[in-house]
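Peer 1: Quick one: the structure is below, questions incoming.
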Amino acid sequence: MIKKVCVSHIGCVRSVNEDSVWISDKEAMYVLGIVADGMGGHQAGDRASLLAVESISTDLAVLEEGMSGEALRAALGDAILHANDIIHREAANNEQYHNMGTTVVALLMDGSSGWIGHIGDSRAYKVTKGEAVQVTEDHTLVNELYKNGQISSEQLQSHPRRNVITRALGTDAEVAVDFNPITLSPGEVLVLCSDGLTNMVNSQLLGQIAGMQDVSLEERADRLLQLALLAGGDDNITLALFELQDEALGESTKEWDS
């Protein structure tokens with residue numbers, strides 16, 4: 001069984017929460033989680049992220065039982081691309097939403113294995129024994145500069161253009177989705193989050209808090225939120241945590257290749 005929880009906060013500076021988050025309920029056939037961080041100014045950003053979450057969750061709520069790993073990956077990709085069509089069409093037809101878009105990081109799991117699909121700089125981390133490893137790769141200008149050797153890892157957080165996103169949901173008629181296979185062992189935690197968390201809380205602290213086995217998942221989520229607020233909370237803060245409970249020890253674990 002996978003325990004899951006999500007929180008979202010407007011932060012200390014912004015006047016609107018442009019983040020949206022959604023997790024499936026306990027009766028759902030598959031585990032689903034979505035975090036979206038909207039952009040495009042007042043109203044447009046929150047509209048884009050809400051459309052993304054509503055569209056993806058609706059599409060994936062009707063999946064058949066017993067789908068293969070590859071079929072789940074395809075379904076996740078189709079749902080994200082459908083959301084891209086919806087957001088792009090609404091932006092084209094409504095001047096107030098012109099150029100709106102959103103990041104998205106979405107999880108679809110069957111048992112202890114599944115897929116992450118993402119676009120933008122909202123992230124997924126896998127936390128094992130208090131250590132967080134970033135699963136997704138940011139679609140940002142500074143990450144491209146870093147990969148090309150033009151800036152150092154230390155400059156990633158302080159670069160003046162660190163908020164420039166190179167790929168987003170809804171801003172173009174066509175977009176590519178990145179996929180990562182994910183498998184959780186008992187006690188491991190998956191974190192989906194917007195950059196309002198990761199810009200305020202480093203991966204070391206994130207791993208330490210998300211991995212606290214003696215603290216409820218709800219309290220861990222709240223502690224991460226409070227840390228981001230204490231650090232300044234200069235953006236909306238959103239996260240979702242997923243933990244494989246020890247009761248799943250006897251279950252078989254699938255492994256899917258990317």
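Just so we're on the same page: first chain in the structure tokens is A, next is B, and so on; residues restart at 1 for each chain, and ligands are numbered from 1 in the order they show up.
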Taking the backbone alone, and naming residues the way the document does, which bits of region 30-221 of chain A are alpha helix (DSSP H) by DSSP, as a VMD selection string?

Peer 2: chain A and resid 44 to 60 69 to 93 141 to 147 195 to 198 203 to 210 217 to 221

Peer 1: Give the strand (DSSP E or B) residues of region 27-186 of chain A, as DSSP finds them on the backbone, and put them as a PyMOL selection string.

Peer 2: chain A and resi 31-39+101-102+104-110+113-119+123-128+131-134+140+165+169+178-183

Peer 1: Write out, as JSON lines, each residue of region 71-113 of chain A that has an atom at most 7 Å from region 166-184 of chain A, together with the closest pair of atoms and their distance in Å to one decimal, counting only C-alpha atoms, rows going by chain and rising number.

Peer 2:
{"residue": "A:Gly77", "atom": "CA", "partner": "A:Val177", "partner_atom": "CA", "distance": 6.7}
{"residue": "A:Asn84", "atom": "CA", "partner": "A:Gly170", "partner_atom": "CA", "distance": 4.4}
{"residue": "A:Asp85", "atom": "CA", "partner": "A:Ala173", "partner_atom": "CA", "distance": 6.6}
{"residue": "A:Ile87", "atom": "CA", "partner": "A:Gly170", "partner_atom": "CA", "distance": 4.8}
{"residue": "A:His88", "atom": "CA", "partner": "A:Gly170", "partner_atom": "CA", "distance": 4.5}
{"residue": "A:Asn99", "atom": "CA", "partner": "A:Thr171", "partner_atom": "CA", "distance": 5.9}
{"residue": "A:Met100", "atom": "CA", "partner": "A:Thr171", "partner_atom": "CA", "distance": 6.3}
{"residue": "A:Gly101", "atom": "CA", "partner": "A:Gly170", "partner_atom": "CA", "distance": 4.8}
{"residue": "A:Thr102", "atom": "CA", "partner": "A:Leu169", "partner_atom": "CA", "distance": 5.1}
{"residue": "A:Thr103", "atom": "CA", "partner": "A:Ala168", "partner_atom": "CA", "distance": 5.4}
{"residue": "A:Ser112", "atom": "CA", "partner": "A:Leu184", "partner_atom": "CA", "distance": 5.3}
{"residue": "A:Ser113", "atom": "CA", "partner": "A:Thr183", "partner_atom": "CA", "distance": 4.3}

Peer 1: Name all residues at most 7 Å from Ser122 (chain A) (count only C-alpha atoms; drop same-chain ones fewer than 4 positions away) and give them as a list in words.

Peer 2: Thr103, Val104, Val105, Cys193, Ser194 and Asp195 of chain A

Peer 1: Store the residues picked out above, limited to N, CA, C and O atoms, as a compact mmCIF listing (two decimals), in the first residue's frame.

Peer 2:
# COMPACT_ATOMS: atom_id res chain seq x y z
N THR A 103 4.28 24.15 -15.73
CA THR A 103 5.09 22.95 -15.61
C THR A 103 4.16 21.80 -15.23
O THR A 103 3.01 22.04 -14.81
N VAL A 104 4.63 20.59 -15.32
CA VAL A 104 3.87 19.46 -14.79
C VAL A 104 4.84 18.33 -14.45
O VAL A 104 5.80 18.08 -15.19
N VAL A 105 4.61 17.71 -13.31
CA VAL A 105 5.28 16.45 -12.98
C VAL A 105 4.20 15.53 -12.46
O VAL A 105 3.46 15.87 -11.53
N CYS A 193 7.25 18.05 -6.48
CA CYS A 193 7.19 19.39 -5.91
C CYS A 193 7.43 20.47 -6.96
O CYS A 193 8.04 20.23 -8.00
N SER A 194 6.93 21.67 -6.65
CA SER A 194 7.21 22.84 -7.48
C SER A 194 8.51 23.47 -7.02
O SER A 194 9.04 23.15 -5.94
N ASP A 195 9.04 24.41 -7.81
CA ASP A 195 10.32 25.01 -7.45
C ASP A 195 10.21 25.96 -6.27
O ASP A 195 11.22 26.41 -5.73

Peer 1: Residues at most 9 Å from Glu188 (chain A), counting only C-alpha atoms, excluding those fewer than 4 positions away in the same chain, as a PyMOL selection string?

Peer 2: chain A and resi 126-130+184+211+242-245

Peer 1: With C-alpha atoms kept, could you save the residues just selected as a PDB file, in the first residue's frame?

Peer 2:
ATOM      1  CA  LYS A 126      13.292   9.557  -4.606  1.00  0.00           C
ATOM      2  CA  VAL A 127      14.228   9.468  -0.922  1.00  0.00           C
ATOM      3  CA  THR A 128      16.032   6.400   0.424  1.00  0.00           C
ATOM      4  CA  LYS A 129      17.273   6.277   4.034  1.00  0.00           C
ATOM      5  CA  GLY A 130      17.150  10.047   4.317  1.00  0.00           C
ATOM      6  CA  LEU A 184       9.663   2.090  -4.543  1.00  0.00           C
ATOM      7  CA  GLY A 211      12.738  10.185   5.093  1.00  0.00           C
ATOM      8  CA  PHE A 242       4.229   8.986  -1.638  1.00  0.00           C
ATOM      9  CA  GLU A 243       5.579   6.263   0.661  1.00  0.00           C
ATOM     10  CA  LEU A 244       5.447   2.510   0.216  1.00  0.00           C
ATOM     11  CA  GLN A 245       4.295   1.078   3.541  1.00  0.00           C
TER      12      GLN A 245
END

Peer 1: Write out as a ChimeraX atom specification the residues lying within 12 Å of Glu144 (chain A), counting only C-alpha atoms and excluding same-chain residues fewer than 3 positions away.

Peer 2: /A:137-141,147-153,156,161-162,164-167

Peer 1: Compare A:Gln96, A:Lys4, A:Gln208, A:Gly45 by their minimum atom-to-atom distance to Glu18 (chain A), counting only C-alpha atoms, and give me the closest one.

Peer 2: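 Smallest distance to Glu18 (chain A) is found for A:Gly45.
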
Peer 1: For each of A:Ala48, A:Val135, A:Leu239, A:Ile86, take the minimum atom-to-atom distance to Val7 (chain A), counting only C-alpha atoms, then give the residue where this is smallest.

Peer 2: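 Among the listed residues, the smallest separation from Val7 (chain A) belongs to A:Leu239.
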
Peer 1: Which of these residues is nearest to Gly66 (chain A), using only C-alpha atoms: A:Leu108, A:Ala92, A:Met29, A:Met39?

Peer 2: A:Met29

Peer 1: Using only C-alpha atoms for the distances, tell me which of A:Val62, A:Val191, A:Met212, A:Ala106 is nearest to Val5 (chain A).

Peer 2: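 Comparing A:Val62, A:Val191, A:Met212, A:Ala106 against Val5 (chain A), the winner is A:Val191.
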
Peer 1: Which polymer residues have any atom within 12 Å of an atom of Glu64 (chain A), counting only C-alpha atoms, with same-chain residues fewer than 3 positions away left out, as a list of chain:residue names?

Peer 2: A:Ala28, A:Met29, A:Tyr30, A:Asp59, A:Leu60, A:Ala61, A:Met67, A:Ser68, A:Ala71, A:Leu72, A:Ala75, A:Asp110

Peer 1: Residues near Leu225 (chain A), anyone? I mean within 8 Å using only C-alpha atoms, not counting same-chain ones fewer than 5 positions away, as a ChimeraX atom specification.

Peer 2: /A:7,9,197,237-238

Peer 1: Interatomic distance between CA of Val53 (chain A) and CA of Ile209 (chain A)?

Peer 2: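 Value for the CA of Val53 (chain A)-CA of Ile209 (chain A) distance: 26.4 Å.
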